[in-house]
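One structure below.
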Amino acid sequence: MRFEVLGPVRVTPGPGAPPVCGAVRVGLLALLLARANAPVPAESLLDALWDCDGPADLQRLQLTVHRLRRALGDPGRLVFDAGSYRLRVRPGELDAQLFDDTLRRASESDDPRRRAALLRSATELWRGEPFQGLDLGPLAPETGRLAERRNVAIEQLYAAELECGRHETAVADLAGLVCLHPLRERLHVLLMTALDRCGRRADALAAYRSARCTLVGELGLEPGPELREVEQRILAGDR
């Protein structure tokens, strides 16, 4: 079985199982996957899905759980104990856990080529925003954590690519990423470094001026020490 939350929530159940569909059922699955293998109190699910916890709503939750169990094709996957529900997810079944595990393996490697390959495979797991299309309060912490982890993984990927000497192919990607995330200083650092290593010193310095203008204009802050250091190294001709 495969569970996916790095984009719209999807599940590939066993053969013969009905699809998981319907906003409430998909929302319930998302809430359980956000805390995979951990108990989620029924009261929290009721509040997130219907903003109430009366007897009629408890029955509605129980019916939704029943239908989700059927869709998963394995009743033992979703268990109830001490007022909480827990969705059992095995290693390698949830794309978010696979993403985190791949990042960990990349951080343990001293080989930039292997790091780059692992980080690229991790970023390729993404199909959109985490839990895309769902506006449920309890998902916010996990959504924010995953989104930030993705941004950091992308930065680490291009840092590894530059270590491998792939600065020419990285320039266009980094320029696009800077446009998407203009307040992430690390991306500006990587773009300036890539441009400088391509022999485009003037463009690298222009990228610094653009970064500084954005940071001052949007945040009222001067560039941080890493960004200033890269500018000084480029001015000194030190690659």
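Naming works like this for the structure tokens: A, B, ... for the chains as they're shown, residue 1 at the start of each chain, ligands 1 onward in shown order.
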*If we count only C-alpha atoms, what is near Ala202 (chain A) at a cut-off of 12 Å, once residues fewer than 5 positions away on the same chain are taken out, given as a PyMOL selection string?*
chain A and resi 192-193+195-197+207-209+231+234-235+237
Would you output that residue set with N, CA and C atoms, as a short mmCIF file (atom, residue, chain, number, x, y, z; two decimals), in the first residue's frame?
data_model
loop_
_atom_site.label_atom_id
_atom_site.label_comp_id
_atom_site.auth_asym_id
_atom_site.auth_seq_id
_atom_site.Cartn_x
_atom_site.Cartn_y
_atom_site.Cartn_z
N MET A 192 24.59 33.30 -6.85
CA MET A 192 25.79 34.11 -7.03
C MET A 192 27.02 33.23 -7.23
N THR A 193 27.11 32.16 -6.43
CA THR A 193 28.25 31.25 -6.55
C THR A 193 28.27 30.58 -7.92
N LEU A 195 26.91 31.63 -10.74
CA LEU A 195 27.24 32.63 -11.77
C LEU A 195 28.73 32.94 -11.79
N ASP A 196 29.31 33.10 -10.61
CA ASP A 196 30.73 33.41 -10.53
C ASP A 196 31.58 32.28 -11.09
N ARG A 197 31.20 31.05 -10.79
CA ARG A 197 31.97 29.91 -11.29
C ARG A 197 31.81 29.72 -12.80
N ALA A 207 23.27 40.05 -9.09
CA ALA A 207 22.37 39.21 -8.30
C ALA A 207 22.42 39.61 -6.84
N TYR A 208 23.61 39.98 -6.35
CA TYR A 208 23.71 40.44 -4.96
C TYR A 208 22.93 41.74 -4.76
N ARG A 209 23.08 42.68 -5.69
CA ARG A 209 22.36 43.95 -5.55
C ARG A 209 20.85 43.72 -5.57
N GLU A 231 29.65 38.05 -1.61
CA GLU A 231 29.89 39.26 -2.41
C GLU A 231 31.35 39.68 -2.30
N ILE A 234 33.64 37.41 -4.26
CA ILE A 234 33.55 37.65 -5.70
C ILE A 234 34.30 38.92 -6.07
N LEU A 235 34.13 39.97 -5.27
CA LEU A 235 34.86 41.21 -5.53
C LEU A 235 36.36 41.00 -5.49
N GLY A 237 37.82 38.30 -6.31
CA GLY A 237 38.23 37.32 -7.32
C GLY A 237 38.54 35.95 -6.75
#
_I want to know what sits within 12 Å of region 73-81 of chain A, based on only C-alpha atoms, with residues of the same chain fewer than 4 positions away left out; could you give that as a PyMOL selection string?_
chain A and resi 1+11-20+28-29+32-33+36-42+62+64-69+85-90
Tell me, counting only C-alpha atoms, for each residue of region 86-153 of chain A within 12 Å of region 169-188 of chain A, which pair of atoms is nearest and how far apart they are in Å to one decimal, in rows ordered by chain and increasing number, as a Markdown table.
| residue | atom | partner | partner_atom | distance |
| --- | --- | --- | --- | --- |
| A:Glu148 | CA | A:Arg184 | CA | 11.0 |
| A:Asn151 | CA | A:Arg184 | CA | 9.0 |
| A:Val152 | CA | A:Arg186 | CA | 9.1 |
| A:Ala153 | CA | A:Leu187 | CA | 11.5 |
*Can you tell me, as an MDAnalysis selection string, what residues are no more than 6 Å from region 115-126 of chain A when counting only C-alpha atoms, ignoring any on the same chain fewer than 2 positions away?*
chainID A and resid 6 99 102 106 112:113 128 157 160
Go ahead and write the residues just picked, C-alpha atoms, as a PDB file, in the first residue's frame.
ATOM      1  CA  LEU A   6       3.284  15.528  -0.716  1.00  0.00           C
ATOM      2  CA  PHE A  99      11.225  11.936   2.017  1.00  0.00           C
ATOM      3  CA  THR A 102      16.105  10.056   2.134  1.00  0.00           C
ATOM      4  CA  ALA A 106      21.875  12.297   2.171  1.00  0.00           C
ATOM      5  CA  PRO A 112      28.553  15.116  -3.061  1.00  0.00           C
ATOM      6  CA  ARG A 113      27.473  13.037  -6.072  1.00  0.00           C
ATOM      7  CA  GLY A 128       2.461  19.913  -5.185  1.00  0.00           C
ATOM      8  CA  LEU A 157      20.584  19.722  -3.599  1.00  0.00           C
ATOM      9  CA  ALA A 160      25.760  19.470  -3.755  1.00  0.00           C
TER      10      ALA A 160
END
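Contact shell of Pro130 (chain A) at 8 Å (only C-alpha atoms; same-chain neighbours under 6 positions omitted): A:Val5, A:Leu6, A:Gly7, A:Pro8, A:Thr143, A:Leu146, A:Ala147.
Rounded to one decimal, CA of Pro141 (chain A) and CA of Arg25 (chain A) lie 20.5 Å from each other.
Here the question is which of A:Arg127, A:Arg114, A:Leu94, A:Ala211 gets nearest to Pro223 (chain A) using only C-alpha atoms, and that residue is A:Ala211.
In this structure, CA of Arg70 (chain A) sits 21.7 Å away from CA of Pro91 (chain A).
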